[in-house]
Amino acid sequence: MAARRGALIALEGVDRAGKSTQCRRLVDALREDGHRAELLRFPDRTTEIGQLISSYLGREKNLEDHTIHLLFSANRWEHVPMMKEKLHQGVTVVVDRYAFSGVAFTSAKGNFCLDWCKQPDVGLPKPDLILFLELSPEEAAERGNFGNERYETSSFQEKVLQSFYCLMEDKTLNWKTVNASKSIEDLHREIKSIAEKTMQEVQNKPLGGLWT
Ligand code: Z5A
Ligand code: MG
């Protein structure tokens, strides 16, 4: 029998929904329970491509809209060999944002169709679970002001949210929406339970390709 594989779990959601907090909590808790689990964050600002992205987000550098979209995608592709290796070794990989952020943010700029935005990410490892952390703009505002990075304005974030809702209509993907206004601890318990169920369900199933 083939070795059991790990699950690919993506966390998505609006700004300040708690994605990074919950990704860290999930990986720590899975490890404490004896699972092998690793965290990846997109954009990964540590690679050469990631540094370009980071200077774009920090407004130090201007890049043409298609160009930055392709760089965000390239930043995911550069991790694919490692992600596949880990997953096939039985390691669960938790990703803090993934291709869905890529599509939602670029398409929110207008003049981009969803289909064009998806193309560069077609064939990436398909998440077994996409947890969408839902939070109203009012509740997000209570968690502090927007930062100074590009995209951090309420009007833009509202368009991003609408793009996420379009992506969630795709029933070939396992989207689960969770209420991110709960306490960090309650939300963590809910996310951990959904993640564990998915890990069980997919361990003997082949890894899919995204949007293929
Ligand atoms: N982007 C893109 O355009 N294309 C792409 O392909 C990708 C991304 C992958 C940088 O992302 C930008 O890149 C982002 C999308 C774009 N632009 N925007 N906006 P990033 O991931 O680096 O962004 P970030 O700086 O990490 O922010 P975030 O992800 O929006 O925040 P978060 O991770 O969801 O939240 P958090 O850091 O866990 O928590 C935020 C605060 O709330 C913090 O003070 C927490 O302590 C607090 N918090 C968290 N949970 C709770 C609960 N449950 N209750 C109360 N307070 C809480
Ligand atoms: Mg974050």
# chains A, B, ... in the order shown; residues from 1 in each chain; ligands from 1
call {"tool": "select_by_dssp", "arguments": {"residues": "chain A", "states": "alpha helix (DSSP H)", "output": "ChimeraX atom specification"}}
result
/A:19-32,48-57,65-77,80-88,99-107,114-118,137-142,154-168,184-202
call {"tool": "residues_near_ligand", "arguments": {"ligand": "ligand 2", "cutoff": "12 Å", "atoms": "only C-alpha atoms and all ligand atoms", "output": "list of chain:residue names"}}
result
A:Leu11, A:Glu12, A:Gly13, A:Val14, A:Asp15, A:Arg16, A:Ala17, A:Gly18, A:Lys19, A:Ser20, A:Thr21, A:Gln22, A:Cys23, A:Arg24, A:Leu40, A:Arg41, A:Phe42, A:Pro43, A:Asp44, A:Val95, A:Asp96, A:Arg97, A:Tyr98, A:Ser101, A:Leu133, A:Gly147
call {"tool": "write_last_selection", "arguments": {"atoms": "N, CA, C and O atoms", "output": "mmCIF file, in the first residue's frame"}}
result
data_model
loop_
_atom_site.group_PDB
_atom_site.id
_atom_site.type_symbol
_atom_site.label_atom_id
_atom_site.label_comp_id
_atom_site.auth_asym_id
_atom_site.auth_seq_id
_atom_site.Cartn_x
_atom_site.Cartn_y
_atom_site.Cartn_z
ATOM 1 N N LEU A 11 -5.492 28.667 4.262
ATOM 2 C CA LEU A 11 -6.329 29.637 4.973
ATOM 3 C C LEU A 11 -6.391 30.914 4.155
ATOM 4 O O LEU A 11 -5.360 31.453 3.741
ATOM 5 N N GLU A 12 -7.606 31.368 3.902
ATOM 6 C CA GLU A 12 -7.821 32.600 3.151
ATOM 7 C C GLU A 12 -8.783 33.478 3.943
ATOM 8 O O GLU A 12 -9.392 33.036 4.914
ATOM 9 N N GLY A 13 -8.932 34.704 3.501
ATOM 10 C CA GLY A 13 -9.875 35.591 4.178
ATOM 11 C C GLY A 13 -9.452 37.027 4.033
ATOM 12 O O GLY A 13 -8.380 37.327 3.506
ATOM 13 N N VAL A 14 -10.310 37.902 4.534
ATOM 14 C CA VAL A 14 -10.048 39.328 4.392
ATOM 15 C C VAL A 14 -8.902 39.759 5.308
ATOM 16 O O VAL A 14 -8.457 39.006 6.170
ATOM 17 N N ASP A 15 -8.472 40.980 5.123
ATOM 18 C CA ASP A 15 -7.400 41.570 5.916
ATOM 19 C C ASP A 15 -7.751 41.516 7.415
ATOM 20 O O ASP A 15 -8.884 41.809 7.797
ATOM 21 N N ARG A 16 -6.796 41.125 8.226
ATOM 22 C CA ARG A 16 -6.912 41.050 9.694
ATOM 23 C C ARG A 16 -7.913 40.009 10.199
ATOM 24 O O ARG A 16 -8.352 40.074 11.360
ATOM 25 N N ALA A 17 -8.275 39.064 9.334
ATOM 26 C CA ALA A 17 -9.229 38.030 9.769
ATOM 27 C C ALA A 17 -8.583 37.061 10.765
ATOM 28 O O ALA A 17 -9.288 36.323 11.454
ATOM 29 N N GLY A 18 -7.264 37.051 10.821
ATOM 30 C CA GLY A 18 -6.580 36.158 11.758
ATOM 31 C C GLY A 18 -5.934 34.954 11.090
ATOM 32 O O GLY A 18 -5.622 33.961 11.755
ATOM 33 N N LYS A 19 -5.698 35.043 9.801
ATOM 34 C CA LYS A 19 -5.128 33.908 9.056
ATOM 35 C C LYS A 19 -3.773 33.485 9.629
ATOM 36 O O LYS A 19 -3.537 32.307 9.893
ATOM 37 N N SER A 20 -2.874 34.460 9.777
ATOM 38 C CA SER A 20 -1.520 34.114 10.233
ATOM 39 C C SER A 20 -1.554 33.556 11.656
ATOM 40 O O SER A 20 -0.872 32.573 11.966
ATOM 41 N N THR A 21 -2.387 34.162 12.510
ATOM 42 C CA THR A 21 -2.536 33.686 13.893
ATOM 43 C C THR A 21 -3.013 32.232 13.892
ATOM 44 O O THR A 21 -2.441 31.373 14.576
ATOM 45 N N GLN A 22 -4.041 31.935 13.097
ATOM 46 C CA GLN A 22 -4.620 30.593 13.098
ATOM 47 C C GLN A 22 -3.713 29.571 12.417
ATOM 48 O O GLN A 22 -3.680 28.412 12.834
ATOM 49 N N CYS A 23 -2.982 29.994 11.396
ATOM 50 C CA CYS A 23 -2.052 29.056 10.741
ATOM 51 C C CYS A 23 -0.988 28.586 11.740
ATOM 52 O O CYS A 23 -0.694 27.396 11.832
ATOM 53 N N ARG A 24 -0.452 29.542 12.480
ATOM 54 C CA ARG A 24 0.585 29.187 13.471
ATOM 55 C C ARG A 24 0.009 28.273 14.538
ATOM 56 O O ARG A 24 0.608 27.262 14.912
ATOM 57 N N LEU A 40 3.601 27.323 5.523
ATOM 58 C CA LEU A 40 4.140 28.140 4.432
ATOM 59 C C LEU A 40 3.297 29.382 4.340
ATOM 60 O O LEU A 40 2.072 29.311 4.513
ATOM 61 N N ARG A 41 3.935 30.494 4.021
ATOM 62 C CA ARG A 41 3.184 31.741 3.933
ATOM 63 C C ARG A 41 3.396 32.357 2.559
ATOM 64 O O ARG A 41 4.535 32.459 2.104
ATOM 65 N N PHE A 42 2.297 32.740 1.916
ATOM 66 C CA PHE A 42 2.408 33.426 0.622
ATOM 67 C C PHE A 42 1.874 34.843 0.739
ATOM 68 O O PHE A 42 0.781 35.021 1.271
ATOM 69 N N PRO A 43 2.603 35.861 0.264
ATOM 70 C CA PRO A 43 3.889 35.702 -0.385
ATOM 71 C C PRO A 43 4.975 35.289 0.621
ATOM 72 O O PRO A 43 4.948 35.708 1.768
ATOM 73 N N ASP A 44 5.917 34.467 0.131
ATOM 74 C CA ASP A 44 7.108 34.153 0.916
ATOM 75 C C ASP A 44 8.138 35.217 0.546
ATOM 76 O O ASP A 44 8.742 35.161 -0.523
ATOM 77 N N VAL A 95 -1.005 26.435 4.413
ATOM 78 C CA VAL A 95 -0.561 27.636 3.704
ATOM 79 C C VAL A 95 -1.385 28.853 4.108
ATOM 80 O O VAL A 95 -2.615 28.823 4.119
ATOM 81 N N ASP A 96 -0.665 29.904 4.461
ATOM 82 C CA ASP A 96 -1.236 31.187 4.874
ATOM 83 C C ASP A 96 -1.381 32.028 3.596
ATOM 84 O O ASP A 96 -0.409 32.585 3.120
ATOM 85 N N ARG A 97 -2.565 32.038 3.014
ATOM 86 C CA ARG A 97 -2.902 32.597 1.705
ATOM 87 C C ARG A 97 -2.341 31.676 0.604
ATOM 88 O O ARG A 97 -1.288 31.058 0.768
ATOM 89 N N TYR A 98 -3.070 31.662 -0.544
ATOM 90 C CA TYR A 98 -2.644 30.804 -1.659
ATOM 91 C C TYR A 98 -3.117 31.460 -2.950
ATOM 92 O O TYR A 98 -3.293 32.692 -2.997
ATOM 93 N N SER A 101 -5.988 34.224 -2.967
ATOM 94 C CA SER A 101 -5.615 35.631 -2.716
ATOM 95 C C SER A 101 -5.065 36.240 -3.993
ATOM 96 O O SER A 101 -5.357 37.396 -4.318
ATOM 97 N N LEU A 133 -11.797 32.580 6.370
ATOM 98 C CA LEU A 133 -12.063 33.258 7.643
ATOM 99 C C LEU A 133 -12.876 34.519 7.362
ATOM 100 O O LEU A 133 -12.367 35.485 6.781
ATOM 101 N N GLY A 147 -2.541 48.874 7.604
ATOM 102 C CA GLY A 147 -1.130 49.247 7.543
ATOM 103 C C GLY A 147 -0.925 50.194 6.366
ATOM 104 O O GLY A 147 -1.894 50.714 5.787
#
call {"tool": "closest_residue", "arguments": {"among": "A:Phe72, A:Tyr56, A:Phe100, A:Tyr165", "to": "A:Pro127", "atoms": "only C-alpha atoms"}}
result
A:Phe100
call {"tool": "closest_residue", "arguments": {"among": "A:Leu210, A:Ile191, A:Leu87, A:Val94", "to": "A:Leu39", "atoms": "only C-alpha atoms"}}
result
A:Val94
call {"tool": "residues_around", "arguments": {"residues": "stretch 156-163 of chain A", "least_positions_apart": "2", "cutoff": "12 Å", "atoms": "only C-alpha atoms", "output": "MDAnalysis selection string"}}
result
chainID A and resid 12:17 100:110 112:115 117:118 132:138 140:141 146 150:154 165:169
call {"tool": "write_last_selection", "arguments": {"atoms": "C-alpha atoms", "output": "PDB file, in the first residue's frame"}}
result
ATOM      1  CA  GLU A  12      -7.821  32.600   3.151  1.00  0.00           C
ATOM      2  CA  GLY A  13      -9.875  35.591   4.178  1.00  0.00           C
ATOM      3  CA  VAL A  14     -10.048  39.328   4.392  1.00  0.00           C
ATOM      4  CA  ASP A  15      -7.400  41.570   5.916  1.00  0.00           C
ATOM      5  CA  ARG A  16      -6.912  41.050   9.694  1.00  0.00           C
ATOM      6  CA  ALA A  17      -9.229  38.030   9.769  1.00  0.00           C
ATOM      7  CA  PHE A 100      -7.159  32.486  -4.187  1.00  0.00           C
ATOM      8  CA  SER A 101      -5.615  35.631  -2.716  1.00  0.00           C
ATOM      9  CA  GLY A 102      -3.664  35.965  -5.944  1.00  0.00           C
ATOM     10  CA  VAL A 103      -6.833  35.931  -8.057  1.00  0.00           C
ATOM     11  CA  ALA A 104      -8.958  37.966  -5.640  1.00  0.00           C
ATOM     12  CA  PHE A 105      -6.472  40.831  -5.285  1.00  0.00           C
ATOM     13  CA  THR A 106      -5.605  41.185  -8.971  1.00  0.00           C
ATOM     14  CA  SER A 107      -9.183  40.863 -10.191  1.00  0.00           C
ATOM     15  CA  ALA A 108     -10.240  43.536  -7.678  1.00  0.00           C
ATOM     16  CA  LYS A 109      -8.147  46.008  -9.684  1.00  0.00           C
ATOM     17  CA  GLY A 110     -10.708  45.912 -12.509  1.00  0.00           C
ATOM     18  CA  PHE A 112      -8.913  41.688 -15.222  1.00  0.00           C
ATOM     19  CA  CYS A 113     -11.196  38.730 -15.793  1.00  0.00           C
ATOM     20  CA  LEU A 114     -11.195  35.971 -13.204  1.00  0.00           C
ATOM     21  CA  ASP A 115     -10.207  33.447 -15.849  1.00  0.00           C
ATOM     22  CA  CYS A 117      -6.093  35.682 -13.201  1.00  0.00           C
ATOM     23  CA  LYS A 118      -6.472  31.941 -12.554  1.00  0.00           C
ATOM     24  CA  PHE A 132     -12.252  31.078   4.533  1.00  0.00           C
ATOM     25  CA  LEU A 133     -12.063  33.258   7.643  1.00  0.00           C
ATOM     26  CA  GLU A 134     -15.052  35.562   7.402  1.00  0.00           C
ATOM     27  CA  LEU A 135     -15.054  38.878   9.259  1.00  0.00           C
ATOM     28  CA  SER A 136     -17.119  42.011   8.690  1.00  0.00           C
ATOM     29  CA  PRO A 137     -15.259  45.234   7.810  1.00  0.00           C
ATOM     30  CA  GLU A 138     -16.500  46.727  11.125  1.00  0.00           C
ATOM     31  CA  ALA A 140     -11.777  43.997  11.160  1.00  0.00           C
ATOM     32  CA  ALA A 141     -11.521  47.723  11.932  1.00  0.00           C
ATOM     33  CA  PHE A 146      -4.876  49.291   8.016  1.00  0.00           C
ATOM     34  CA  ARG A 150      -0.528  48.652  -1.042  1.00  0.00           C
ATOM     35  CA  TYR A 151      -4.103  47.222  -1.115  1.00  0.00           C
ATOM     36  CA  GLU A 152      -4.747  48.179   2.519  1.00  0.00           C
ATOM     37  CA  THR A 153      -7.829  50.358   2.011  1.00  0.00           C
ATOM     38  CA  SER A 154     -11.431  49.508   2.817  1.00  0.00           C
ATOM     39  CA  TYR A 165     -17.200  35.064  -3.136  1.00  0.00           C
ATOM     40  CA  CYS A 166     -17.020  34.411  -6.903  1.00  0.00           C
ATOM     41  CA  LEU A 167     -14.180  31.910  -6.357  1.00  0.00           C
ATOM     42  CA  MET A 168     -16.157  30.151  -3.622  1.00  0.00           C
ATOM     43  CA  GLU A 169     -18.883  29.276  -6.127  1.00  0.00           C
TER      44      GLU A 169
END
call {"tool": "select_by_dssp", "arguments": {"residues": "stretch 18-184 of chain A", "states": "strand (DSSP E or B)", "output": "PDB file with N, CA and C atoms, in the first residue's frame"}}
result
ATOM      1  N   ALA A  37       3.682  18.478  10.471  1.00  0.00           N
ATOM      2  CA  ALA A  37       2.983  19.611   9.849  1.00  0.00           C
ATOM      3  C   ALA A  37       3.952  20.755   9.627  1.00  0.00           C
ATOM      4  N   GLU A  38       3.778  21.454   8.507  1.00  0.00           N
ATOM      5  CA  GLU A  38       4.642  22.599   8.204  1.00  0.00           C
ATOM      6  C   GLU A  38       3.811  23.764   7.727  1.00  0.00           C
ATOM      7  N   LEU A  39       4.342  24.944   7.987  1.00  0.00           N
ATOM      8  CA  LEU A  39       3.655  26.181   7.631  1.00  0.00           C
ATOM      9  C   LEU A  39       4.381  26.879   6.493  1.00  0.00           C
ATOM     10  N   LEU A  40       3.601  27.323   5.523  1.00  0.00           N
ATOM     11  CA  LEU A  40       4.140  28.140   4.432  1.00  0.00           C
ATOM     12  C   LEU A  40       3.297  29.382   4.340  1.00  0.00           C
ATOM     13  N   ARG A  41       3.935  30.494   4.021  1.00  0.00           N
ATOM     14  CA  ARG A  41       3.184  31.741   3.933  1.00  0.00           C
ATOM     15  C   ARG A  41       3.396  32.357   2.559  1.00  0.00           C
ATOM     16  N   THR A  92       1.613  17.291   6.634  1.00  0.00           N
ATOM     17  CA  THR A  92       0.494  18.193   6.319  1.00  0.00           C
ATOM     18  C   THR A  92       1.063  19.596   6.140  1.00  0.00           C
ATOM     19  N   VAL A  93       0.690  20.237   5.040  1.00  0.00           N
ATOM     20  CA  VAL A  93       1.212  21.564   4.733  1.00  0.00           C
ATOM     21  C   VAL A  93       0.081  22.581   4.878  1.00  0.00           C
ATOM     22  N   VAL A  94       0.295  23.537   5.766  1.00  0.00           N
ATOM     23  CA  VAL A  94      -0.700  24.597   5.994  1.00  0.00           C
ATOM     24  C   VAL A  94      -0.192  25.849   5.297  1.00  0.00           C
ATOM     25  N   VAL A  95      -1.005  26.435   4.413  1.00  0.00           N
ATOM     26  CA  VAL A  95      -0.561  27.636   3.704  1.00  0.00           C
ATOM     27  C   VAL A  95      -1.385  28.853   4.108  1.00  0.00           C
ATOM     28  N   ASP A  96      -0.665  29.904   4.461  1.00  0.00           N
ATOM     29  CA  ASP A  96      -1.236  31.187   4.874  1.00  0.00           C
ATOM     30  C   ASP A  96      -1.381  32.028   3.596  1.00  0.00           C
ATOM     31  N   PRO A 125      -0.502  22.382  -6.663  1.00  0.00           N
ATOM     32  CA  PRO A 125      -1.160  21.389  -5.799  1.00  0.00           C
ATOM     33  C   PRO A 125      -2.513  21.932  -5.319  1.00  0.00           C
ATOM     34  N   LEU A 129      -8.481  21.394   1.473  1.00  0.00           N
ATOM     35  CA  LEU A 129      -9.408  22.191   2.279  1.00  0.00           C
ATOM     36  C   LEU A 129      -8.992  23.654   2.163  1.00  0.00           C
ATOM     37  N   ILE A 130      -9.987  24.517   1.934  1.00  0.00           N
ATOM     38  CA  ILE A 130      -9.718  25.960   1.964  1.00  0.00           C
ATOM     39  C   ILE A 130     -10.624  26.555   3.027  1.00  0.00           C
ATOM     40  N   LEU A 131     -10.020  27.026   4.084  1.00  0.00           N
ATOM     41  CA  LEU A 131     -10.784  27.638   5.163  1.00  0.00           C
ATOM     42  C   LEU A 131     -10.863  29.133   4.901  1.00  0.00           C
ATOM     43  N   PHE A 132     -12.090  29.642   4.766  1.00  0.00           N
ATOM     44  CA  PHE A 132     -12.252  31.078   4.533  1.00  0.00           C
ATOM     45  C   PHE A 132     -12.668  31.731   5.850  1.00  0.00           C
ATOM     46  N   LEU A 133     -11.797  32.580   6.370  1.00  0.00           N
ATOM     47  CA  LEU A 133     -12.063  33.258   7.643  1.00  0.00           C
ATOM     48  C   LEU A 133     -12.876  34.519   7.362  1.00  0.00           C
ATOM     49  N   GLU A 134     -14.138  34.470   7.742  1.00  0.00           N
ATOM     50  CA  GLU A 134     -15.052  35.562   7.402  1.00  0.00           C
ATOM     51  C   GLU A 134     -15.170  36.550   8.569  1.00  0.00           C
ATOM     52  N   TRP A 175     -14.313  24.380  -0.063  1.00  0.00           N
ATOM     53  CA  TRP A 175     -14.313  25.615   0.725  1.00  0.00           C
ATOM     54  C   TRP A 175     -15.112  25.396   2.012  1.00  0.00           C
ATOM     55  N   LYS A 176     -14.599  25.886   3.124  1.00  0.00           N
ATOM     56  CA  LYS A 176     -15.373  25.898   4.371  1.00  0.00           C
ATOM     57  C   LYS A 176     -15.239  27.300   4.955  1.00  0.00           C
ATOM     58  N   THR A 177     -16.366  27.942   5.183  1.00  0.00           N
ATOM     59  CA  THR A 177     -16.338  29.291   5.759  1.00  0.00           C
ATOM     60  C   THR A 177     -16.454  29.192   7.276  1.00  0.00           C
ATOM     61  N   VAL A 178     -15.574  29.885   7.970  1.00  0.00           N
ATOM     62  CA  VAL A 178     -15.666  29.901   9.441  1.00  0.00           C
ATOM     63  C   VAL A 178     -15.820  31.352   9.907  1.00  0.00           C
ATOM     64  N   ASN A 179     -16.518  31.508  11.013  1.00  0.00           N
ATOM     65  CA  ASN A 179     -16.787  32.836  11.557  1.00  0.00           C
ATOM     66  C   ASN A 179     -15.561  33.310  12.353  1.00  0.00           C
TER      67      ASN A 179
END
